[in-house]
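Report on one structure; see the data block that follows.
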Protein chains: 2
Amino acid sequence: MNISAKSKYAVRALVELAQRNGDQPVPIADISSRKEIPLQFLEQLFSSLRKAGILNSHRGVRGGFSFKMMPEDVSVLDVVEALDGTVAPASCTIGAPCDKQETCSVQDVWVDAKSSLEAVLSEATIGDLAQKESLMKNSTKEMYYI
Amino acid sequence: MNISAKSKYAVRALVELAQRNGDQPVPIADISSRKEIPLQFLEQLFSSLRKAGILNSHRGVRGGFSFKMMPEDVSVLDVVEALDGTVAPASCTIGAPCDKQETCSVQDVWVDAKSSLEAVLSEATIGDLAQKESLMKNSTKEMYYI
DNA sequence: CATAAACCCTATAATACTTATCGAAATTAT
DNA sequence: ATAATTTCGATAAGTATTATAGGGTTTATG
């Protein structure tokens, strides 16, 4: 019952990328150092996100990653599903009814749990988070000036 | 992002136990064979549930387990927490703010996810599930008679 | 009191999954 | 040509989950 470090890293990294979203693609190394995420690990994550259609990659000098989808359209659920697969907290929620027992009232609970998780995670988008983060940074800065 | 087999086993086992709830404690071996759960593994689970105050145990001949709490008062969340620990989908939801970054808007998402999971899992009780299961069994039986 | 039926406990094996690293190859702007 | 990048596959390292083993303790019962 844990969202993997993969997903957590990826969301943080995408928020960073969204904040820098300009004409130029951003190299992984930048994000890696800023967000304290192992470089080669992040490489794998962004590669998956590219395959999932969320990011674009550009090789070579001045290469890097940029958003293919708009950050406001990328939900946290999208990210988690791209990296960890379906968010089902129990296997019998995925498809076939619980293989062990014919009658299984318990299944409904896991299905509900899955739905509610999906609902929460699909509401939050990378765009939102990036905006919030910017606001937070500003307000903490202000704390020093006031 | 998975509820462990432990928890899933345990919930199924408790539902079975609730259905047999009488004067006599029920031996683990019974539940193990009925629900196709490895005996010694189930032993560990029930031991944890006893320590969590959900079950009573009775040693010796005619011993076994019985509910200490009433099945209607035992939520699925209680069971999952007893076995898997807190249901937090991400570590920074547990206590201290995310250790990597001062400003972390992402944290809110995991906190929300946790809350919504807890809500769903605390609504379903072992008592409810046992009752549902009994109804399901009956209705499938009836299918043959009609 | 002897016995068998049960739980109790600790250790550890087996398995799977997650996280992380390595190194070489392909691409591309300059 | 070169240096900055992504790309890819392999695999190491670490951790957690699942399962098994074996001996110990309690207790109803005859």
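Identifiers in this document derive from the order of the structure tokens: chains are assigned A, B, ..., residues are numbered from 1 separately in each chain, and ligands are numbered from 1 in order of occurrence.
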Near D:DC8, counting only C-alpha atoms (C1' of nucleotides), which residues have an atom at most 10 Å away, once you skip same-chain residues fewer than 4 positions from it, shown as a PDB file with all heavy atoms, in the first residue's frame?
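The result, stored in selection03.pdb:
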```
ATOM      1  N   GLN A  44      15.166   6.536 -16.684  1.00  0.00           N
ATOM      2  CA  GLN A  44      14.214   5.460 -16.935  1.00  0.00           C
ATOM      3  C   GLN A  44      12.775   5.956 -16.813  1.00  0.00           C
ATOM      4  O   GLN A  44      11.907   5.595 -17.606  1.00  0.00           O
ATOM      5  CB  GLN A  44      14.416   4.314 -15.940  1.00  0.00           C
ATOM      6  CG  GLN A  44      15.714   3.565 -16.126  1.00  0.00           C
ATOM      7  CD  GLN A  44      15.917   2.506 -15.055  1.00  0.00           C
ATOM      8  OE1 GLN A  44      15.002   2.188 -14.311  1.00  0.00           O
ATOM      9  NE2 GLN A  44      17.111   1.952 -14.977  1.00  0.00           N
TER      10      GLN A  44
ATOM     11  P    DA C  24      31.815   0.334 -22.211  1.00  0.00           P
ATOM     12  OP1  DA C  24      32.997  -0.518 -21.994  1.00  0.00           O
ATOM     13  OP2  DA C  24      31.927   1.807 -22.116  1.00  0.00           O
ATOM     14  O5'  DA C  24      31.193  -0.024 -23.628  1.00  0.00           O
ATOM     15  C5'  DA C  24      30.258  -1.104 -23.746  1.00  0.00           C
ATOM     16  C4'  DA C  24      29.126  -0.682 -24.648  1.00  0.00           C
ATOM     17  O4'  DA C  24      28.224   0.183 -23.917  1.00  0.00           O
ATOM     18  C3'  DA C  24      29.586   0.127 -25.879  1.00  0.00           C
ATOM     19  O3'  DA C  24      28.858  -0.338 -27.007  1.00  0.00           O
ATOM     20  C2'  DA C  24      29.180   1.549 -25.523  1.00  0.00           C
ATOM     21  C1'  DA C  24      27.891   1.268 -24.758  1.00  0.00           C
ATOM     22  N9   DA C  24      27.413   2.377 -23.946  1.00  0.00           N
ATOM     23  C8   DA C  24      28.130   3.153 -23.085  1.00  0.00           C
ATOM     24  N7   DA C  24      27.412   4.082 -22.493  1.00  0.00           N
ATOM     25  C5   DA C  24      26.145   3.905 -23.016  1.00  0.00           C
ATOM     26  C6   DA C  24      24.930   4.568 -22.809  1.00  0.00           C
ATOM     27  N6   DA C  24      24.786   5.611 -21.958  1.00  0.00           N
ATOM     28  N1   DA C  24      23.849   4.137 -23.492  1.00  0.00           N
ATOM     29  C2   DA C  24      23.988   3.110 -24.321  1.00  0.00           C
ATOM     30  N3   DA C  24      25.087   2.399 -24.609  1.00  0.00           N
ATOM     31  C4   DA C  24      26.133   2.852 -23.914  1.00  0.00           C
ATOM     32  P    DA C  25      29.313   0.120 -28.466  1.00  0.00           P
ATOM     33  OP1  DA C  25      29.634  -1.065 -29.256  1.00  0.00           O
ATOM     34  OP2  DA C  25      30.268   1.241 -28.340  1.00  0.00           O
ATOM     35  O5'  DA C  25      27.927   0.705 -29.009  1.00  0.00           O
ATOM     36  C5'  DA C  25      26.730  -0.039 -28.819  1.00  0.00           C
ATOM     37  C4'  DA C  25      25.546   0.834 -29.184  1.00  0.00           C
ATOM     38  O4'  DA C  25      25.322   1.799 -28.126  1.00  0.00           O
ATOM     39  C3'  DA C  25      25.748   1.631 -30.474  1.00  0.00           C
ATOM     40  O3'  DA C  25      24.577   1.510 -31.267  1.00  0.00           O
ATOM     41  C2'  DA C  25      25.950   3.058 -29.990  1.00  0.00           C
ATOM     42  C1'  DA C  25      25.124   3.067 -28.704  1.00  0.00           C
ATOM     43  N9   DA C  25      25.547   4.051 -27.723  1.00  0.00           N
ATOM     44  C8   DA C  25      26.791   4.242 -27.192  1.00  0.00           C
ATOM     45  N7   DA C  25      26.863   5.224 -26.324  1.00  0.00           N
ATOM     46  C5   DA C  25      25.574   5.719 -26.291  1.00  0.00           C
ATOM     47  C6   DA C  25      24.981   6.778 -25.568  1.00  0.00           C
ATOM     48  N6   DA C  25      25.649   7.541 -24.703  1.00  0.00           N
ATOM     49  N1   DA C  25      23.671   7.013 -25.766  1.00  0.00           N
ATOM     50  C2   DA C  25      22.995   6.246 -26.627  1.00  0.00           C
ATOM     51  N3   DA C  25      23.446   5.228 -27.363  1.00  0.00           N
ATOM     52  C4   DA C  25      24.754   5.013 -27.141  1.00  0.00           C
ATOM     53  P    DA C  26      24.609   2.096 -32.761  1.00  0.00           P
ATOM     54  OP1  DA C  26      23.925   1.085 -33.602  1.00  0.00           O
ATOM     55  OP2  DA C  26      25.949   2.609 -33.119  1.00  0.00           O
ATOM     56  O5'  DA C  26      23.632   3.333 -32.613  1.00  0.00           O
ATOM     57  C5'  DA C  26      22.315   3.109 -32.155  1.00  0.00           C
ATOM     58  C4'  DA C  26      21.652   4.460 -31.967  1.00  0.00           C
ATOM     59  O4'  DA C  26      22.317   5.168 -30.905  1.00  0.00           O
ATOM     60  C3'  DA C  26      21.728   5.366 -33.194  1.00  0.00           C
ATOM     61  O3'  DA C  26      20.436   5.894 -33.417  1.00  0.00           O
ATOM     62  C2'  DA C  26      22.727   6.457 -32.803  1.00  0.00           C
ATOM     63  C1'  DA C  26      22.554   6.502 -31.296  1.00  0.00           C
ATOM     64  N9   DA C  26      23.726   6.932 -30.532  1.00  0.00           N
ATOM     65  C8   DA C  26      24.993   6.416 -30.566  1.00  0.00           C
ATOM     66  N7   DA C  26      25.827   7.013 -29.730  1.00  0.00           N
ATOM     67  C5   DA C  26      25.051   7.979 -29.117  1.00  0.00           C
ATOM     68  C6   DA C  26      25.345   8.948 -28.143  1.00  0.00           C
ATOM     69  N6   DA C  26      26.543   9.100 -27.589  1.00  0.00           N
ATOM     70  N1   DA C  26      24.336   9.756 -27.751  1.00  0.00           N
ATOM     71  C2   DA C  26      23.129   9.594 -28.307  1.00  0.00           C
ATOM     72  N3   DA C  26      22.732   8.724 -29.224  1.00  0.00           N
ATOM     73  C4   DA C  26      23.756   7.942 -29.595  1.00  0.00           C
TER      74       DA C  26
END
```
message = List as a count of residues only the protein and nucleic acid residues near D:DT29, meaning an atom at most 12 Å away when only C-alpha atoms (C1' of nucleotides) are counted, but skip any in the same chain fewer than 5 places from it.
response = 8
ask   = Any idea which chain B residues end up within 8 Å of chain A if we count only C-alpha atoms, as a PyMOL selection string please?
value = chain B and resi 1-4+8+11-12+35-36+84+87-91+100-101+103-106+109+112-113+116-117+120-121+124+129-130+132-133+136-137
Could you give me, as CSV, every chain D residue with an atom at most 7 Å from chain B, plus its closest atom pair and distance in Å to one decimal, counting only C-alpha atoms (C1' of nucleotides), rows ordered by chain then number?
```
residue,atom,partner,partner_atom,distance
D:DA19,C1',B:Phe41,CA,6.7
D:DT26,C1',B:Gly60,CA,5.5
D:DT27,C1',B:Gly60,CA,4.3
D:DA28,C1',B:Val61,CA,5.3
```
For those residues, write N, CA and C atoms (P, O5', C5', C4', C3', O3' and C1' of nucleotides) to a file as a tab-separated table (two decimals), in the first residue's frame.
```tsv
chain	number	residue	atom	x	y	z
D	19	DA	P	1.73	-16.82	0.02
D	19	DA	O5'	2.76	-17.78	0.75
D	19	DA	C5'	3.86	-18.28	0.00
D	19	DA	C4'	4.76	-19.07	0.93
D	19	DA	C3'	4.05	-20.13	1.78
D	19	DA	O3'	4.44	-21.38	1.27
D	19	DA	C1'	5.74	-18.97	3.01
D	26	DT	P	2.70	-22.02	29.44
D	26	DT	O5'	1.22	-22.44	29.03
D	26	DT	C5'	0.46	-21.54	28.25
D	26	DT	C4'	-0.76	-22.26	27.73
D	26	DT	C3'	-1.70	-22.77	28.81
D	26	DT	O3'	-2.93	-22.11	28.61
D	26	DT	C1'	-1.34	-24.40	27.14
D	27	DT	P	-4.05	-22.20	29.75
D	27	DT	O5'	-4.85	-23.50	29.30
D	27	DT	C5'	-5.53	-23.48	28.06
D	27	DT	C4'	-6.16	-24.85	27.83
D	27	DT	C3'	-6.87	-25.42	29.06
D	27	DT	O3'	-8.11	-25.92	28.64
D	27	DT	C1'	-5.47	-27.02	28.11
D	28	DA	P	-9.38	-25.72	29.58
D	28	DA	O5'	-10.36	-26.82	28.95
D	28	DA	C5'	-10.63	-26.78	27.58
D	28	DA	C4'	-10.85	-28.18	27.04
D	28	DA	C3'	-11.83	-29.03	27.83
D	28	DA	O3'	-12.65	-29.70	26.90
D	28	DA	C1'	-9.72	-30.14	27.75
```
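For the atom pair formed by atom CA of A:Pro71 and atom CA of A:Ala10, the distance is 13.1 Å, given to one decimal.
One distance worth recording is that between atom CA of A:Gly64 and atom CA of A:Ile28, which is 6.3 Å.
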request  = Would you mind writing down, as a count of residues only, each residue of stretch 22-120 of chain B that DSSP on the backbone assigns to strand (DSSP E)?
outcome  = 8
